[in-house]
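*Asks:* One structure coming up, written as structure tokens, with questions to follow.
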Amino acid sequence: MRRSSRGMIITASALVICFCALLMMMFDYHGAREEAGAAYIERGTIDTGAANLVSAIYLNYRLFDTLLEILVFSVAVLGVRFYLLERGKEEVVAEIPESQVVRTSADLLLPLILLLGIYLVLFGHLSPGGGFSGGTVAGTGLLLCAVALGADVVGRRFHEPTLERFEWGVLLAILLLALFPAVLRRLPLTDLLSPGRVGSMVSGGSILIYNVLIGVKVFIGTWVIIHYFVRHRGEI
Amino acid sequence: MALINGVTIAIVLFGIGLLGLILRRDLVIKLLALGLVNGSTILCLVSLNARVDGVAPIVHFPASVPYVDPLPHALVLSAIVINFAILALALVFVMLLVERYHTTDSQRIEHEIKGERIP
């Protein structure tokens with residue numbers, strides 16, 4: 001027992017030292033890194049038409065990474081659902097005593113939170129934001145709603161099987177959108193739409209479409225995870 | 001370069017998180033430590049590319065100030081999403097383990113799995 005914990009401390013220190021050594025080496029390594037960044041900064045808006053260079057990278061230059069990232073997210077949602085359904089027995093969600101303060105603040109804040117989520121999704125190519133953050137913000141708004149009204153009341157508003165089918169439909173749409181250029185004998189993941197005028201609402205090629213699809217996907221995924229946890233834990 | 005900057009804080013946080021991940025026996029605290037490790041990684045990626053005179057890489061014409069490198073920010077996005085996915089899945093597994101063994105103590109769970117007497 002004692003010896004094994006000493007071994008663990010040694011292993012942990014070795015890992016930390018290796019991590020630090022890696023960082024020290026990265027400090028010396030300046031050239032290529034700045035060059036790559038400079039190329040993105042120089043050509044990013046011209047190539048993609050998006051004012052937000054981070055979106056330009058993760059939804060245009062490195063779309064392939066983002067597709068796999070969405071797959072990881074979907075697999076996580078699927079895993080949560082699968083293992084919690086496997087566990088069976090749902091608990092009756094305990095009624096939260098109605099609180100006027102929570103209820104009133106939820107009524108006030110929910111429209112604002114949803115609006116912020118939609119804004120982050122729609123303007124992801126022009127300002128900070130994007131599908132992932134906007135979807136999470138909107139999903140968290142639903143969590144607030146679930147705290148105020150009870151998760152089952154919110155869950156009943158949605159038809160869950162349709163919601164889940166819709167989630168997978170959105171994932172399919174993202175993948176098909178990425179593969180669609182292959183039909184036109186172009187390389188997959190090519191952006192077919194024109195970059196447009198930088199800074200206007202309709203610009204950035206397909207980035208806006210991807211942002212909306214990812215936003216819907218993350219919104220539904222967040223809500224599904226929250227709802228399954230609440231349903232199987234019995235309380236929020 | 002100042003001794004206390006984002007990278008050194010990230011290293012310290014990483015160490016704390018790693019120690020917590022290895023030494024603490026409670027599964028939930030292990031997951032919290034994993035979150036700390038992830039947060040320190042993000043802090044490291046962001047602060048390695050921070051520039052004193054730089055602005056966020058969102059183009060406003062005319063560009064007069066240098067932008068920071070946008071590439072690590074895109075990587076941080078993946079890191080956040082994948083951390084979220086891992087935490088959600090791991091919490092489900094912890095729920096299943098707690099249901100079966102009625103404890104979040106990893107060593108007790110291991111002892112029970114091996115069928116040994118719990119010390």
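Letters A, B, ... go to the chains of the structure tokens in the order shown; residues in each chain start at 1; ligands are counted from 1 in the same order.
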Can you list, as a list in words, every protein, DNA or RNA residue that comes within 7 Å of B:Asp69 when you count only C-alpha atoms, leaving out same-chain residues fewer than 2 positions away?
*Replies:*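 Neighbouring residues, sequence-local ones excluded: Gly37 of chain A; Asn49, Tyr67, Leu71 and Pro72 of chain B.
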*Asks:* Using only C-alpha atoms, determine which residues of chain B fall within 6 Å of chain A; present them as a ChimeraX atom specification.
*Replies:* /B:15,57-59,69-70,74,85,89
*Asks:* Next, dump the selected residues to file, keeping only C-alpha atoms, as a PDB file, in the first residue's frame.
*Replies:*
```pdb
ATOM      1  CA  GLY B  15       0.737  18.875 -11.401  1.00  0.00           C
ATOM      2  CA  PRO B  57      -7.954  37.170 -34.220  1.00  0.00           C
ATOM      3  CA  ILE B  58     -11.166  38.756 -35.465  1.00  0.00           C
ATOM      4  CA  VAL B  59     -10.527  40.932 -38.442  1.00  0.00           C
ATOM      5  CA  ASP B  69      -2.096  33.179 -33.607  1.00  0.00           C
ATOM      6  CA  PRO B  70      -5.618  31.782 -34.202  1.00  0.00           C
ATOM      7  CA  ALA B  74      -9.155  26.396 -32.694  1.00  0.00           C
ATOM      8  CA  ALA B  85     -17.710  14.405 -23.738  1.00  0.00           C
ATOM      9  CA  LEU B  89     -19.393   9.511 -20.162  1.00  0.00           C
TER      10      LEU B  89
END
```
*Asks:* Identify, with DSSP run on backbone atoms, the residues in stretch 93-174 of chain A assigned to alpha helix (DSSP H), and express the list as a ChimeraX atom specification.
*Replies:* /A:100-122,131-149,151-157,160-174
*Asks:* Need to verify the contact set: A:Gly139, 6 Å, only C-alpha atoms, exclusion of same-chain residues closer than 5 positions in sequence. Can you return it as a ChimeraX atom specification?
*Replies:* /A:219,222-223
*Asks:* Could you name the residues that touch stretch 183-191 of chain A at 8 Å or less, counting only C-alpha atoms, but leaving out those on the same chain fewer than 5 positions away, as a list in words?
*Replies:*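 Final neighbour list, sorted by chain and number: Asn60, Leu63, Phe64, Ala178, Gly205 and Ser206 of chain A.
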*Asks:* Grab the atom CA of A:Leu144 to atom CA of A:Ile113 distance for me, in Å with one decimal place.
*Replies:*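 Computing the Euclidean distance for atom CA of A:Leu144 and atom CA of A:Ile113 yields 9.6 Å.
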*Asks:* Rounded to one decimal, what separation in Å do you get between atom CA of B:Val81 and atom CA of A:Ile174?
*Replies:*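 The value is 17.0 Å.
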*Asks:* Could you check how far atom CA of A:His227 sits from atom CA of B:Met95, in Å to one decimal?
*Replies:*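 Result for atom CA of A:His227 versus atom CA of B:Met95: 15.0 Å, one decimal.
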*Asks:* Using only C-alpha atoms, determine which residues lie at most 7 Å from B:Cys44, disregarding the query and same-chain residues fewer than 4 positions distant; provide the list as a list of chain:residue names.
*Replies:*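 These residues fall inside the cut-off: B:Gly6, B:Val7, B:Ala10, B:Ser40, B:Leu48.
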*Asks:* Leaving out A:Gly131 and any residue of its chain fewer than 6 positions from it, which residues lie within 10 Å of it when counting only C-alpha atoms, given as a list of chain:residue names?
*Replies:*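 After dropping sequence-adjacent residues, the list is A:Ser55, A:Gly117, A:Ile118, A:Leu120, A:Val121, A:Leu122, A:Phe123, A:Gly124, A:His125, A:Val137, A:Ile207, A:Leu208, A:Ile209, A:Tyr210, A:Asn211, A:Val212, A:Leu213, A:Ile214, A:Gly215, A:Val216, A:Lys217, A:Val218, A:Phe219.
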*Asks:* Can those selected residues be exported to a file as an mmCIF file, in the first residue's frame so that it contains C-alpha atoms?
*Replies:*
```
data_model
loop_
_atom_site.group_PDB
_atom_site.id
_atom_site.type_symbol
_atom_site.label_atom_id
_atom_site.label_comp_id
_atom_site.auth_asym_id
_atom_site.auth_seq_id
_atom_site.Cartn_x
_atom_site.Cartn_y
_atom_site.Cartn_z
ATOM 1 C CA SER A 55 -13.993 29.899 -37.184
ATOM 2 C CA GLY A 117 -27.364 31.405 -27.939
ATOM 3 C CA ILE A 118 -28.970 32.159 -31.318
ATOM 4 C CA LEU A 120 -23.642 33.359 -30.947
ATOM 5 C CA VAL A 121 -24.581 30.727 -33.546
ATOM 6 C CA LEU A 122 -25.620 33.142 -36.308
ATOM 7 C CA PHE A 123 -22.715 35.563 -35.874
ATOM 8 C CA GLY A 124 -20.067 32.912 -35.245
ATOM 9 C CA HIS A 125 -18.205 33.864 -38.414
ATOM 10 C CA VAL A 137 -25.507 28.455 -24.008
ATOM 11 C CA ILE A 207 -19.288 28.475 -42.293
ATOM 12 C CA LEU A 208 -22.699 29.916 -41.408
ATOM 13 C CA ILE A 209 -24.467 26.683 -42.428
ATOM 14 C CA TYR A 210 -22.047 24.553 -40.451
ATOM 15 C CA ASN A 211 -22.433 26.837 -37.431
ATOM 16 C CA VAL A 212 -26.227 26.556 -37.501
ATOM 17 C CA LEU A 213 -26.122 22.758 -37.892
ATOM 18 C CA ILE A 214 -23.526 22.319 -35.149
ATOM 19 C CA GLY A 215 -25.477 24.703 -32.910
ATOM 20 C CA VAL A 216 -28.663 22.633 -33.279
ATOM 21 C CA LYS A 217 -26.707 19.424 -32.732
ATOM 22 C CA VAL A 218 -24.983 20.656 -29.573
ATOM 23 C CA PHE A 219 -28.230 22.179 -28.253
#
```
